[in-house]
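Undergrad: This is the structure I want to talk about, given as structure tokens.
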Amino acid sequence: MLPLEERNQRVWLVKAWAEVSGAYNPEKDKPDPPTWKRNFRSALNRKEVLHVAEDHSKDPVDPHKIYEFVTSVDRDFPEPDTLPSTHDGGSASCSQDDILEDLLDSMVLAPIPDGGPPSLAVAPEDPFQLLLSPTVDPSVPCRGLVPQENPLKQLLVPEDDWEFEVTVFYRGRQVFQQAAFCPGGLRLVGSEVAERALPGRQMLLPNPGQVLADMMAVDYVRRVLGSLGSGLMLWRAGQRLWARRLGHSSVFWTVSEELLPEGTHNEVPKDVGGVVFDLGPFVADLIAFIEGSTRSPRYTLWFCIGQQWPQHVSWTKRLVMVKVVPTCLRALLDMAREGGASSLETVDLHISNSPLLSLTSDQYKAYLQDLVEDMEFQVAGEA
């Protein structure tokens with residue numbers, strides 16, 4: 001992840017652009033760094049005087065692009081009486097292209113650092129010099145600045161609930177599976193007497209006496225479930241999934257499609273939340289997978305309840321194992337596996353309020369890359 005100071009500088013840059021272009025009024029509008037960034041990038045991509053010299057948009061740590069000037073921008077300021085009128089409430093001349101043209105004309109370029117590309121423009125210490133131009137009236141709103149919304153951004157909308165598929169194993173035997181949308185998160189409990197006033201959808205684990213024949217195993221599993229107390233909680237905040245345990249039973253977790261005895265694992269903290277999944281690395285791995293990487297992104301959460309993690313032995317020897325699959329992530333990977341370069345695929349994101357999406361593979365990849373940058377800017381905007 002980028003240093004906090006650099007992330008804040010990037011957000012400040014696109015925020016200033018949004019204000020100058022009329023797309024954002026700090027006195028009326030809610031801050032939206034991802035949209036600011038898309039507007040700014042879209043305007044840059046339409047300018048013939050700019051060319052992408054280096055594309056690092058797939059970098060999971062620091063996604064960015066470096067633009068190069070292909071023609072001279074060292075031109076004189078236009079005279080005030082030759083400027084287009086900006087007093088008609090937003091005429092056709094008031095567009096992102098027009099504003100960006102004025103800004104490029106008025107750029108103050110700093111010296112090029114040693115070893116840098118000979119034609120690369122370097123921003124001055126005060127990035128506001130790049131954005132404010134006396135030829136632009138920031139009080140005049142511009143029309144037609146609404147970008148096409150990235151449908152994958154729904155993955156980050158707090159009001160939209162993810163669907164979780166929960167599979168429970170007792171001594172390696174599958175005894176339960178259910179998929180459900182979980183407003184406020186998911187809470188796995190071992191008995192009906194668990195606290196119902198707590199947030200999250202409560203999901204009761206099966207009575208071992210009804211699904212196991214070995215009475216000794218039944219007794220041990222009941223002890224584990226009885227120590228779950230108010231349950232094991234799993235919830236989403238932004239791009240991360242968090243977990244915490246509210247009972248006495250210890251809980252260990254990992255993210256893996258296959259459980260191997262030598263795999264890494266962590267303990268779920270008691271009474272406080274701990275991060276168990278981050279969408280950012282998953283999307284970055286998904287893009288790499290689309291581009292030919294043999295490593296498939298991981299998204300399946302495993303929880304071992306009431307016992308130490310199964311090291312050096314098969315996980316099927318453990319009393320209670322729970323697998324939790326965010327079905328939206330499985331859908332994203334399935335689409336990456338099935339989509340051709342130009343084929344049109346329809347996908348259900350398994351998110352509440354989300355319609356079916358029909359995207360080509362190229363569109364899908366572009367939206368994923370945009371989502372990576374959105375998450376970076378969202379983290380910076382929260383800082």
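As shown in the structure tokens, the chain order sets the letters A, B, ...; within each chain, residues go from 1, and ligands are also counted from 1 in the order they appear.
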From a backbone DSSP assignment, name each residue in region 272-369 of chain A labelled strand (DSSP E), as a VMD selection string.
TA: chain A and resid 274 to 278 301 to 305 320 to 326 344 to 347 357 to 360
Undergrad: Mind giving me the straight-line distance from CA of Leu241 (chain A) to CA of Cys182 (chain A) in Å, one decimal?
TA: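 Calculated distance between CA of Leu241 (chain A) and CA of Cys182 (chain A) is 12.7 Å.
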Undergrad: If we count only C-alpha atoms and set the cut-off at 10 Å, which residues sit around Tyr170 (chain A), ignoring sequence neighbours fewer than 6 positions away in its own chain? Please answer as a VMD selection string.
TA: chain A and resid 176 206 208 211 to 212 217 to 218 221 316 to 322
Undergrad: Quick one: pull the distance between CA of Val275 (chain A) and CA of Trp242 (chain A), Å, one decimal.
TA: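 We find that CA of Val275 (chain A) and CA of Trp242 (chain A) lie 4.4 Å from each other.
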Undergrad: Env of region 150-157 of chain A: 7 Å cut, atoms = only C-alpha atoms, seq-sep filter 2 positions within chain, self excluded. Answer as a PyMOL selection string.
TA: chain A and resi 148+159-160+238-239+367+371
Undergrad: Grab the residues selected above and save them as a tab-separated table (two decimals), in the first residue's frame with all heavy atoms.
TA:
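What ended up in selection.tsv:
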chain	number	residue	atom	x	y	z
A	148	GLN	N	-19.57	6.60	-16.81
A	148	GLN	CA	-20.25	5.32	-16.76
A	148	GLN	C	-19.84	4.62	-15.47
A	148	GLN	O	-18.66	4.44	-15.20
A	148	GLN	CB	-19.88	4.46	-17.97
A	148	GLN	CG	-20.61	3.12	-17.98
A	148	GLN	CD	-20.26	2.31	-19.20
A	148	GLN	OE1	-19.47	2.74	-20.03
A	148	GLN	NE2	-20.82	1.12	-19.31
A	159	GLU	N	-24.48	-0.71	1.93
A	159	GLU	CA	-25.88	-1.12	2.05
A	159	GLU	C	-26.19	-2.42	1.32
A	159	GLU	O	-27.25	-3.01	1.54
A	159	GLU	CB	-26.80	-0.01	1.53
A	159	GLU	CG	-26.77	1.29	2.34
A	159	GLU	CD	-25.54	2.14	2.03
A	159	GLU	OE1	-24.87	1.85	1.01
A	159	GLU	OE2	-25.25	3.06	2.80
A	160	ASP	N	-25.30	-2.86	0.46
A	160	ASP	CA	-25.53	-4.09	-0.31
A	160	ASP	C	-24.87	-5.27	0.41
A	160	ASP	O	-23.68	-5.24	0.71
A	160	ASP	CB	-24.96	-3.97	-1.72
A	160	ASP	CG	-25.78	-3.00	-2.57
A	160	ASP	OD1	-26.85	-2.59	-2.11
A	160	ASP	OD2	-25.32	-2.65	-3.66
A	238	GLY	N	-16.31	-2.19	4.23
A	238	GLY	CA	-15.54	-1.74	3.08
A	238	GLY	C	-15.09	-2.92	2.23
A	238	GLY	O	-15.88	-3.77	1.84
A	239	GLN	N	-13.78	-3.01	2.00
A	239	GLN	CA	-13.25	-4.08	1.16
A	239	GLN	C	-12.74	-5.26	1.98
A	239	GLN	O	-12.16	-6.19	1.42
A	239	GLN	CB	-12.10	-3.52	0.30
A	239	GLN	CG	-10.87	-3.10	1.09
A	239	GLN	CD	-9.86	-2.36	0.25
A	239	GLN	OE1	-10.14	-1.29	-0.26
A	239	GLN	NE2	-8.68	-2.94	0.08
A	367	TYR	N	-12.98	-3.17	-15.75
A	367	TYR	CA	-13.69	-2.84	-14.53
A	367	TYR	C	-12.92	-3.33	-13.30
A	367	TYR	O	-12.93	-2.67	-12.25
A	367	TYR	CB	-15.09	-3.45	-14.54
A	367	TYR	CG	-16.09	-2.69	-15.38
A	367	TYR	CD1	-16.98	-3.36	-16.22
A	367	TYR	CD2	-16.17	-1.30	-15.32
A	367	TYR	CE1	-17.90	-2.67	-16.99
A	367	TYR	CE2	-17.09	-0.60	-16.08
A	367	TYR	CZ	-17.95	-1.29	-16.91
A	367	TYR	OH	-18.86	-0.59	-17.66
A	371	LEU	N	-11.54	-1.10	-10.31
A	371	LEU	CA	-11.91	-1.39	-8.92
A	371	LEU	C	-10.68	-1.37	-8.01
A	371	LEU	O	-10.75	-0.89	-6.87
A	371	LEU	CB	-12.60	-2.75	-8.84
A	371	LEU	CG	-13.19	-3.14	-7.48
A	371	LEU	CD1	-14.30	-2.18	-7.08
A	371	LEU	CD2	-13.72	-4.57	-7.52
Undergrad: Using CA of Gly306 (chain A) and CA of Ser230 (chain A) as the two end points, give the distance in Å to one decimal.
TA: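 Value for the CA of Gly306 (chain A)-CA of Ser230 (chain A) distance: 14.2 Å.
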Undergrad: Write out as a compact mmCIF listing (two decimals) with N, CA, C and O atoms, in the first residue's frame which residues come within 7 Å of Val324 (chain A) when counting only C-alpha atoms, dropping same-chain ones fewer than 2 positions away.
TA:
# COMPACT_ATOMS: atom_id res chain seq x y z
N PHE A 164 -23.29 -15.41 1.62
CA PHE A 164 -22.29 -16.36 2.11
C PHE A 164 -22.86 -17.77 2.03
O PHE A 164 -24.00 -18.03 2.43
N GLU A 165 -22.05 -18.69 1.50
CA GLU A 165 -22.40 -20.10 1.50
C GLU A 165 -21.64 -20.78 2.64
O GLU A 165 -20.41 -20.78 2.66
N VAL A 166 -22.36 -21.34 3.59
CA VAL A 166 -21.77 -21.93 4.79
C VAL A 166 -21.91 -23.44 4.71
O VAL A 166 -23.01 -23.97 4.53
N THR A 167 -20.79 -24.14 4.86
CA THR A 167 -20.77 -25.60 4.87
C THR A 167 -20.11 -26.06 6.17
O THR A 167 -19.03 -25.58 6.52
N THR A 300 -11.89 -18.75 -0.25
CA THR A 300 -12.63 -19.62 0.66
C THR A 300 -12.06 -19.54 2.07
O THR A 300 -10.86 -19.78 2.28
N LEU A 301 -12.91 -19.20 3.03
CA LEU A 301 -12.51 -19.11 4.43
C LEU A 301 -12.83 -20.42 5.14
O LEU A 301 -13.93 -20.98 4.99
N TRP A 302 -11.85 -20.92 5.91
CA TRP A 302 -12.03 -22.12 6.72
C TRP A 302 -11.84 -21.75 8.19
O TRP A 302 -10.90 -21.02 8.54
N VAL A 322 -15.73 -25.36 9.60
CA VAL A 322 -16.74 -24.59 8.87
C VAL A 322 -16.08 -23.91 7.69
O VAL A 322 -15.05 -23.23 7.83
N PRO A 326 -17.76 -16.51 0.19
CA PRO A 326 -18.48 -15.35 -0.35
C PRO A 326 -18.80 -15.62 -1.82
O PRO A 326 -17.89 -15.63 -2.67
Undergrad: Return the single residue from A:Trp253, A:Asp29, A:Arg244, A:Ile290 that is closest to Ala366 (chain A), with distances computed using only C-alpha atoms.
TA: A:Ile290
